[in-house]
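Only one structure is covered here, and it is reproduced in the block below.
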Amino acid sequence: MRVAALASETDFDGWRKAARRFRAAGVRPGEAAFRVGERAQADLFGSAHPEEGRPGEDRKELEFVVPRAFVELAQAVILHRSEDRFDLLYRLLWRLEREPDLLKVVSDRDVADAFERAKNVSRASHKMKAFVRFRLAEEDGQEHWVSWFEPAHRVLERTAPFFARRFAAMRWSILTPDGQAHWDNRLLTFGPPATRDMAPAEDEIEDFWKTYYASTFNPARLKTKTMQGEMPKRYWANLPEAALIPELIASATNRTETMVAAPAPEPNPRLAKTLSRINRDHAFEEGFVPSSLEELGQAVQACRRCPLWRDATQGVCGQGARAARLMIVGEQPGDQEDLAGKPFVGPAGQVLDAALAEAGIDRDDAFVTNAVRHFKHTPRGKKRIHQTPTTSEITACRWWLDAERALVKPKVILTLGGTAAQGVLGRKPEVTRMRGQVVPLSDATALITVHPAWLLRIPDKAVAAQERERFIADLKAVQRLL
Ligand code: URA
């Protein structure tokens, strides 16, 4: 067994160097081991081959180029808490030489396992962004905000820059069992593992969080399972507002009845101030540039650019390939999309999927989104009836679409229906007249077509079939543009 010592649990450079050296020396998976800290010391002394590089080996280089996608995958997987992650990555590295397309074989056990672990890591980072709560402490007479957080995986270093961008004007520290991150308005630094007692236990802001949470908790929308999925219990211990959850759930039925009967409450000025600070901290206004689709998807939940958020379950952003050459833009999430948080999963989505398949376009290769992020509707009995967004709502929402365009950088943008065309072009086009037309844009080429929901509403079967064929022809034209 050959053993490499790593400086820390997240020492990617150390792992990479050792793995390259092992690979160049022909050390097979199963014969290579990676150890951290004290375990490394113990293993090194017990090992027949302490890995300090053998004569002549240090300078040997790998003779094949590792795909960029593997490096990105490995950088995520290494943050996973599993013991065997180094071995899994080395196995993949070993196999990549003979199987250069290995990462595309998603049915392969190692590949699937690695992507699953990377997904868990990304989710842990997500949760950290959502559930870190700072408490006010003082240091040298200055305000200092401190948080204690226990991430599911070792995502502190990966996620801390997000907090530095979002809370750039504050001095803060995030303490975790894996390490500490500190921001002094200027510089982000990291320190050794911390313990819970190093962070303040409670502060006056606690009450604000509780008031805010209790007032935004909508008993009529209570879905306990979904809520616990989004806000897993493991994070509750450090969330001030979590103390309220059992009581809020228990009283949900009563509160729903009271809420329906009661007149709209006057806004509480203190709460309004807190809310505006929270909105500001979600910084979707001036100056905020989302650095990833993930960040964009989170920030949209705090969007108050127009009133549509009030009646929607959530903001729905685009989904699909991050560097897609094709972006497909619809109008707004419908009833099912509003609940699922994903675009085009309802009836219009099925029409779209079938037509794409007939035109030879794989939806997974595209990025599918909408011009408007929130479901605009009006209640009719138990149903929520779709309403077309106004020009001012489409204009307010363009910010999100533009941000997605800047991140995905598609070559071709397919607009479905009038709202989509207006969101993309910035003016109201006449879709029936412009249908099938190619419009050059500063960042891409747009092709205008009708909305699949419109195809569903055509009463005459023959006309509907004819229009569907024209729709597929438009999609084929898109395929040619690509
Ligand atoms: N219609 C749209 O325009 N978008 C969706 O996401 C669903 C239905």
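Following the order of the structure tokens, first chain is A, next is B, and so on, with residues numbered from 1 inside each chain and ligands from 1 in the order they appear.
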Within 9 Å of ligand 1 (only C-alpha atoms and all ligand atoms), residues as number ranges by chain: A: 316, 318, 329-338, 342-349, 368-373, 416-417, 419-420, 451-453
What's around Glu157 (chain A) at 10 Å? Count only C-alpha atoms, leave out sequence neighbours fewer than 4 positions away in its own chain, and write the answer as number ranges by chain. A: 10, 79, 125, 161-162, 178-181, 188-190
Residue neighbourhood Ser8 (chain A), 12 Å, only C-alpha atoms, exclusion window fewer than 5 positions, as a VMD selection string: chain A and resid 13 to 15 34 to 40 78 to 79 154 178 to 179 192 to 193
Selected residues written out, C-alpha atoms, as a CSV table (one decimal), in the first residue's frame:
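Saved to again_13.csv:
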chain,number,residue,atom,x,y,z
A,13,ASP,CA,-4.1,20.3,-4.2
A,14,GLY,CA,-2.4,17.8,-2.0
A,15,TRP,CA,-4.7,15.0,-3.2
A,34,PHE,CA,-4.8,9.1,1.2
A,35,ARG,CA,-4.7,10.0,4.8
A,36,VAL,CA,-5.2,13.3,6.7
A,37,GLY,CA,-3.4,14.6,9.9
A,38,GLU,CA,-2.8,12.1,12.7
A,39,ARG,CA,-4.2,9.2,10.7
A,40,ALA,CA,-1.6,10.0,8.1
A,78,ILE,CA,-13.6,16.2,-1.9
A,79,LEU,CA,-15.8,18.3,0.4
A,154,ARG,CA,-17.2,20.6,4.5
A,178,ASP,CA,-14.5,22.2,10.4
A,179,GLY,CA,-13.1,25.7,10.6
A,192,PRO,CA,-9.1,26.3,12.8
A,193,PRO,CA,-12.2,24.3,13.9
With a distance cut-off of 9 Å and only C-alpha atoms, select the neighbouring residues of region 396-407 of chain A, excluding the residue or stretch itself and same-chain residues fewer than 5 positions from it, and output the selection as a list in words. Val289, Pro290, Ser291, Ser292, Leu293, Leu296, Val300, Arg305, Cys306, Cys317, Gly318, Arg322, Ala323, Met327, Val329, Thr369, Asn370, Ala371, Val372, Arg373, Thr391, Gly423, Val424, Gly426 and Asp443 of chain A
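Residue neighbourhood of region 104-113 of chain A, excluding near-sequence residues (fewer than 2 positions): Leu88, Leu89, Arg91, Leu92, Asp101, Leu102, Phe115, Glu116, Arg117 and Ala118 of chain A, at 9 Å, using only C-alpha atoms.
Considering only C-alpha atoms, the residue among A:His386, A:Lys127, A:Arg85, A:Arg363 positioned nearest to Leu73 (chain A) is A:Arg85.
Nearest to Gln75 (chain A) of all the residues A:Glu393, A:Pro29, A:Glu469, A:Phe12 is A:Phe12, counting only C-alpha atoms.
Taking CA of His377 (chain A) as the reference point, CA of Ala354 (chain A) is found at 26.3 Å.
Going from CA of Thr415 (chain A) to CA of Ala446 (chain A) covers 7.1 Å.
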Between CA of Gly320 (chain A) and CA of Tyr235 (chain A) lies a distance of 28.9 Å
Do a neighbour search on Leu481 (chain A) at 10 Å with only C-alpha atoms, toss out local chain neighbours closer than 4 positions, and write the hits as a list in words. Leu326, Lys411, Val412, Val438, Thr445, Ala446, Leu447, Leu475, Lys476 and Ala477 of chain A
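Closest approach to Gly360 (chain A) among A:Glu99, A:Trp183, A:Gln387, A:Leu482: A:Leu482, based on only C-alpha atoms.
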Neighbours of Asp311 (chain A) within 8 Å (only C-alpha atoms; same-chain residues fewer than 3 positions away dropped), as a PyMOL selection string? chain A and resi 308+375-377
Just list as a VMD selection string whatever in region 270-376 of chain A DSSP marks as alpha helix (DSSP H). chain A and resid 270 to 281 293 to 299 335 to 340 347 to 359
Quick one: write out the picked residues with C-alpha atoms as a short mmCIF file (atom, residue, chain, number, x, y, z; two decimals), in the first residue's frame?
data_model
loop_
_atom_site.label_atom_id
_atom_site.label_comp_id
_atom_site.auth_asym_id
_atom_site.auth_seq_id
_atom_site.Cartn_x
_atom_site.Cartn_y
_atom_site.Cartn_z
CA ARG A 270 -40.77 47.79 13.07
CA LEU A 271 -41.33 44.62 11.09
CA ALA A 272 -41.48 46.58 7.84
CA LYS A 273 -38.03 47.96 8.63
CA THR A 274 -36.68 44.50 9.30
CA LEU A 275 -38.26 43.19 6.12
CA SER A 276 -36.75 45.91 4.03
CA ARG A 277 -33.36 45.05 5.51
CA ILE A 278 -33.88 41.40 4.70
CA ASN A 279 -34.88 42.34 1.18
CA ARG A 280 -31.83 44.51 0.88
CA ASP A 281 -29.66 41.69 2.16
CA LEU A 293 -27.70 30.05 -11.57
CA GLU A 294 -27.93 28.56 -8.10
CA GLU A 295 -27.51 31.98 -6.51
CA LEU A 296 -30.00 33.47 -8.93
CA GLY A 297 -32.55 30.77 -8.06
CA GLN A 298 -32.22 31.62 -4.37
CA ALA A 299 -32.30 35.37 -4.77
CA ASP A 335 -50.28 26.09 -11.65
CA GLN A 336 -48.09 22.96 -11.64
CA GLU A 337 -44.85 24.82 -12.21
CA ASP A 338 -45.66 27.14 -9.29
CA LEU A 339 -45.97 24.14 -6.99
CA ALA A 340 -43.02 22.18 -8.40
CA PRO A 347 -49.62 20.21 -19.82
CA ALA A 348 -47.87 22.90 -21.92
CA GLY A 349 -44.57 21.29 -20.95
CA GLN A 350 -45.76 17.95 -22.30
CA VAL A 351 -46.69 19.51 -25.64
CA LEU A 352 -43.31 21.20 -25.74
CA ASP A 353 -41.42 18.01 -24.86
CA ALA A 354 -43.16 15.97 -27.56
CA ALA A 355 -42.57 18.64 -30.22
CA LEU A 356 -38.91 19.01 -29.24
CA ALA A 357 -38.43 15.27 -29.53
CA GLU A 358 -40.01 15.28 -32.99
CA ALA A 359 -37.75 18.10 -34.07
#
